[in-house]
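The structure under discussion appears below in the form of structure tokens.
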Amino acid sequence: MSESFDYDLFVIGAGSGGVRAARMAASKGKKVAVAEERYLGGTCVNVGCVPKKLFVYASQFPELFHASTGFGWTVPQTPRLDWATLRDNKTAEIERLNGIYNSLIDNSGADLHDGRATIAGPHQVSVNGDTYSARTILIATGGWPYIPEFPGSEYALSSNEMFFLDELPKTAVVVGGGYIAVEFAGILNGLGVETHLVYRGHQLLKSFDREMSDKIQQGMIAKGVHIHLNTEVNGITKTDNGLCVALNTQADMAAGLVLYATGRVANTANLGLETTNVVVRNNGAIAVDDHFATAEPSIYALGDVIDRVQLTPVAIQEAMVLVDHLFGQGVAKIDYSDIPTAVFCQPEFGTVGLSEEQARAEYSDIAVYVSDFKPMLQTLGGGPDRITMKLIVDGASDKVVGCHMVGEHAAEIIQGMGIALKAGATKAHFDATVGIHPSAAEEFVTMREKAR
Ligand code: NDP
């Protein structure tokens with residue numbers, strides 16, 4: 001414990017990165033504080049990954065009810081969703097997780113301050129009217145949904161509110177073409193809401209492999225989502241029945257709800273950064289070096305607030321690297337390449353490594369393997385789903401540099417592929433691996449014909 005400071009580490013924000021850093025530092029015998037003004041577990045636990053995945057599960061049941069009839073089941077009456085039950089059961093589960101986070105912090109020996117913390121100087125943090133001194137301060141305040149200003153933008157909801165709706169609308173407009181837009185479009189559609197996805201660009205999920213994003217789009221349309229590309233919202237007005245969305249390309253659209261999923265910005269407002277030398281980039285994110293140090297030597301930042309990769313597992317790794325740097329051996333490093341990720345749209349998407357477009361730009365000779373087939377469930381179940389799997393191989397080294405999948409269980413399967421790519425697996429390694437039969441995943445080790 002420090003002689004002259006109240007704390008060795010004061011963490012602002014009890015999200016994925018902040019809690020991991022606090023627990024790791026406390027486990028090394030350091031005197032640690034965590035301050036949280038809203039909810040333990042941050043975006044991921046409260047208004048992100050976890051409740052989103054529960055809603056995804058909920059939204060998949062209608063297709064399963066339908067498929068079950070092909071397997072001989074009779075569903076006695078048309079299944080009906082009780083939204084309030086789903087919402088409240090979800091909230092109860094999140095509250096259980098909040099409790100677990102509370103215990104994790106408590107058991108680690110860190111002090112939890114329940115309130116909004118502000119920085120009062122390079123070594124000072126104020127919370128609930130008290131000011132504490134800290135040898136190091138970690139800003140792990142995450143991000144917040146961004147909604148652009150336009151006529152009627154006050155009627156637009158962000159993903160935060162989607163988890164607590166009083167009721168589900170009959171029709172919804174979802175604006176955006178990134179992770180959150182496609183995920184919520186799938187959820188709403190699956191829950192029985194007529195869903196219109198409005199995107200200003202020409203390709204959803206544009207930072208990913210083009211062929212795969214085309215497959216996702218086709219799959220979403222097959223499931224009933226109405227997709228409006230190259231379309232912008234001019235304004236939203238309130239009507240007697242709900243909302244009216246004015247679009248630049250077509251007639252106005254009536255909607256019970258308009259969700260804006262147009263990105264997230266770093267949470268740095270009113271944090272007291274002006275009392276320090278911390279530098280904020282143009283997009284509002286905190287500038288840090290390889291060790292997550294800001295321009296103020298005693299202050300560090302990680303996770304969504306530095307806006308490198310807005311993913312929970314990345315924030316957790318960043319936290320472990322930082323604690324090793326501050327209080328450990330100083331050898332841990334973070335490698336931002338080959339981060340596996342999944343988009344829980346429907347159909348689901350899992351991906352690791354380079355897209356075909358990126359691979360073509362980086363390598364002179366690549367081989368592309370693609371497999372597209374009907375999942376076994378659909379043979380009797382009769383749904384519209386397909387599975388597409390794709391491997392991209394560097395011709396010179398035979399290394400697999402990209403691995404992508406659209407379809408059921410893509411996230412689960414791509415996690416394993418992430419290890420293979422991290423280990424530098426070659427196409428020969430994939431070919432030498434025995435498949436698991438019958439599975440969809442076995443296609444990854446049986447693709448022999450080059451598509452391109
Ligand atoms: P994204 O950055 O993924 O997508 C934002 C979308 O909004 C883009 O399609 C963008 O269009 C569009 N957009 C931005 N500004 C405007 C505007 N003024 N008018 C109209 N459209 C606009 O952000 P999300 O909000 O979807 O998600 C934030 C981040 O959270 C993700 O990037 C991801 O890192 C993380 N996340 C991860 C998930 C997961 O792991 N499964 C799930 C959900 C979120 P354009 O492309 O034209 O710029």
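Residues in the structure tokens are named by chain (A, B, ... in the order shown) and by number from 1 within that chain; ligands are numbered from 1 in the order shown.
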
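Residues in contact with Glu93 (chain A) at up to 12 Å, not including ones fewer than 6 positions away on its chain and judged by only C-alpha atoms, are Val45, Asn46, Val50, Pro51, Leu54, Leu86, Arg87, Gly99 and Ile100 of chain A.
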
Q | Close residues, Met447 (chain A) itself excluded, 7 Å, only C-alpha atoms, min 3 positions apart in chain, as a ChimeraX atom specification | A | /A:369,443-444

**Q.** 8 Å shell around ligand 1 using only C-alpha atoms and all ligand atoms, listed as a ChimeraX atom specification
**A.** /A:48-49,145-148,175-183,199-201,204-207,232-233,260-264,309-312,341-344

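Across the model, the gap from CA of Ala411 (chain A) to CA of Ala441 (chain A) is 11.2 Å.
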
Q) Running DSSP on the backbone, which parts of region 45-259 of chain A land in helix (DSSP H, G or I), as a ChimeraX atom specification? A) /A:45-47,49-70,83-108,153-155,159-162,179-190,210-223

Per DSSP on the backbone, filter region 93-196 of chain A down to the residues in strand (DSSP E) and report them as a PDB file with C-alpha atoms, in the first residue's frame.
ATOM      1  CA  ASP A 111     -13.488  -0.306  -2.397  1.00  0.00           C
ATOM      2  CA  LEU A 112     -16.623   0.379  -4.431  1.00  0.00           C
ATOM      3  CA  HIS A 113     -17.824   3.986  -4.498  1.00  0.00           C
ATOM      4  CA  ASP A 114     -21.401   4.228  -5.645  1.00  0.00           C
ATOM      5  CA  ALA A 117     -16.542  10.326  -9.997  1.00  0.00           C
ATOM      6  CA  THR A 118     -14.784  13.348 -11.431  1.00  0.00           C
ATOM      7  CA  ILE A 119     -11.100  13.953 -11.776  1.00  0.00           C
ATOM      8  CA  ALA A 120      -9.933  16.911  -9.688  1.00  0.00           C
ATOM      9  CA  GLY A 121      -6.272  16.803 -10.688  1.00  0.00           C
ATOM     10  CA  GLN A 124      -7.268  13.421  -7.317  1.00  0.00           C
ATOM     11  CA  VAL A 125     -10.711  11.902  -7.743  1.00  0.00           C
ATOM     12  CA  SER A 126     -13.883  13.300  -6.196  1.00  0.00           C
ATOM     13  CA  VAL A 127     -16.940  11.185  -5.607  1.00  0.00           C
ATOM     14  CA  ASP A 130     -15.199  13.346  -0.936  1.00  0.00           C
ATOM     15  CA  THR A 131     -11.849  13.708  -2.675  1.00  0.00           C
ATOM     16  CA  TYR A 132      -9.367  10.840  -2.717  1.00  0.00           C
ATOM     17  CA  SER A 133      -5.745  10.803  -3.733  1.00  0.00           C
ATOM     18  CA  ALA A 134      -4.517   8.099  -6.074  1.00  0.00           C
ATOM     19  CA  ARG A 135      -1.077   7.220  -7.396  1.00  0.00           C
ATOM     20  CA  THR A 136      -2.724   6.211 -10.687  1.00  0.00           C
ATOM     21  CA  ILE A 137      -6.168   6.839 -12.098  1.00  0.00           C
ATOM     22  CA  LEU A 138      -7.782   4.643 -14.737  1.00  0.00           C
ATOM     23  CA  ILE A 139     -10.526   6.088 -16.916  1.00  0.00           C
ATOM     24  CA  GLY A 143     -19.137   4.886 -24.485  1.00  0.00           C
ATOM     25  CA  TRP A 144     -22.643   6.161 -25.036  1.00  0.00           C
ATOM     26  CA  PRO A 145     -24.966   5.881 -28.051  1.00  0.00           C
ATOM     27  CA  THR A 171     -43.773  -1.360 -36.901  1.00  0.00           C
ATOM     28  CA  ALA A 172     -40.224  -0.198 -36.240  1.00  0.00           C
ATOM     29  CA  VAL A 173     -37.641   1.733 -38.222  1.00  0.00           C
ATOM     30  CA  VAL A 174     -34.020   0.981 -37.382  1.00  0.00           C
ATOM     31  CA  VAL A 175     -31.434   3.458 -38.674  1.00  0.00           C
ATOM     32  CA  GLU A 194     -42.657  -5.229 -38.973  1.00  0.00           C
ATOM     33  CA  THR A 195     -39.085  -3.990 -39.229  1.00  0.00           C
ATOM     34  CA  HIS A 196     -37.567  -1.524 -41.676  1.00  0.00           C
TER      35      HIS A 196
END

Q: Between A:Gln60, A:Thr276, A:Gly70, A:Glu37, single out the one closest to Gly382 (chain A), counting only C-alpha atoms.
A: A:Gly70

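Taking only C-alpha atoms into account, Val314 (chain A) lies nearest to A:Ile339 out of the set A:Ala35, A:Ile339, A:Val279, A:Leu326.
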
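Excluding Leu259 (chain A) and any residue on its chain fewer than 2 positions from it, the residues at most 6 Å away by only C-alpha atoms are Ala156, Leu157, Ser158 and Val174 of chain A.
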
For the residues selected in the previous step, produce a file with N, CA, C and O atoms as an mmCIF file, in the first residue's frame.
data_model
loop_
_atom_site.group_PDB
_atom_site.id
_atom_site.type_symbol
_atom_site.label_atom_id
_atom_site.label_comp_id
_atom_site.auth_asym_id
_atom_site.auth_seq_id
_atom_site.Cartn_x
_atom_site.Cartn_y
_atom_site.Cartn_z
ATOM 1 N N ALA A 156 -36.213 9.779 -31.513
ATOM 2 C CA ALA A 156 -35.456 8.555 -31.805
ATOM 3 C C ALA A 156 -34.983 7.920 -30.501
ATOM 4 O O ALA A 156 -34.581 8.614 -29.566
ATOM 5 N N LEU A 157 -35.039 6.591 -30.439
ATOM 6 C CA LEU A 157 -34.512 5.865 -29.282
ATOM 7 C C LEU A 157 -33.109 5.390 -29.592
ATOM 8 O O LEU A 157 -32.743 5.193 -30.754
ATOM 9 N N SER A 158 -32.327 5.167 -28.553
ATOM 10 C CA SER A 158 -31.026 4.504 -28.725
ATOM 11 C C SER A 158 -31.165 3.076 -28.222
ATOM 12 O O SER A 158 -32.196 2.703 -27.636
ATOM 13 N N VAL A 174 -35.350 1.030 -37.987
ATOM 14 C CA VAL A 174 -34.020 0.981 -37.382
ATOM 15 C C VAL A 174 -33.066 1.693 -38.334
ATOM 16 O O VAL A 174 -33.017 1.369 -39.522
#

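If you measure from each of A:Cys345, A:Pro169, A:Ser153, A:Val265 to Asn234 (chain A) using only C-alpha atoms, the closest one turns out to be A:Ser153.
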
Q. Skipping near chain neighbours, those fewer than 5 positions away, what residues fall within 12 Å of Asp335 (chain A) using only C-alpha atoms, listed as a list of chain:residue names?
A. A:Asp290, A:Arg308, A:Val309, A:Val314, A:Gln317, A:Glu318, A:Val321, A:Pro340, A:Lys422

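Between CA of Lys90 (chain A) and CA of Leu188 (chain A) the separation is 15.6 Å.
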
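In this model, the gap between CA of Gln415 (chain A) and CA of Leu64 (chain A) comes to 24.4 Å.
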
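Restricting the calculation to only C-alpha atoms, the smallest distance between Ile94 (chain A) and any of A:Gly42, A:Gly383, A:Pro297, A:Gly17 is found for A:Gly42.
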
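Distance check against Asp88 (chain A) using only C-alpha atoms: of A:Phe163, A:Tyr155, A:Gly435, A:Ile216, the minimum falls on A:Phe163.
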
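For the choices A:Leu391, A:Ala301, A:Ala410, A:Ala332, the atom-to-atom distance to Glu449 (chain A) is smallest for A:Leu391 when using only C-alpha atoms.
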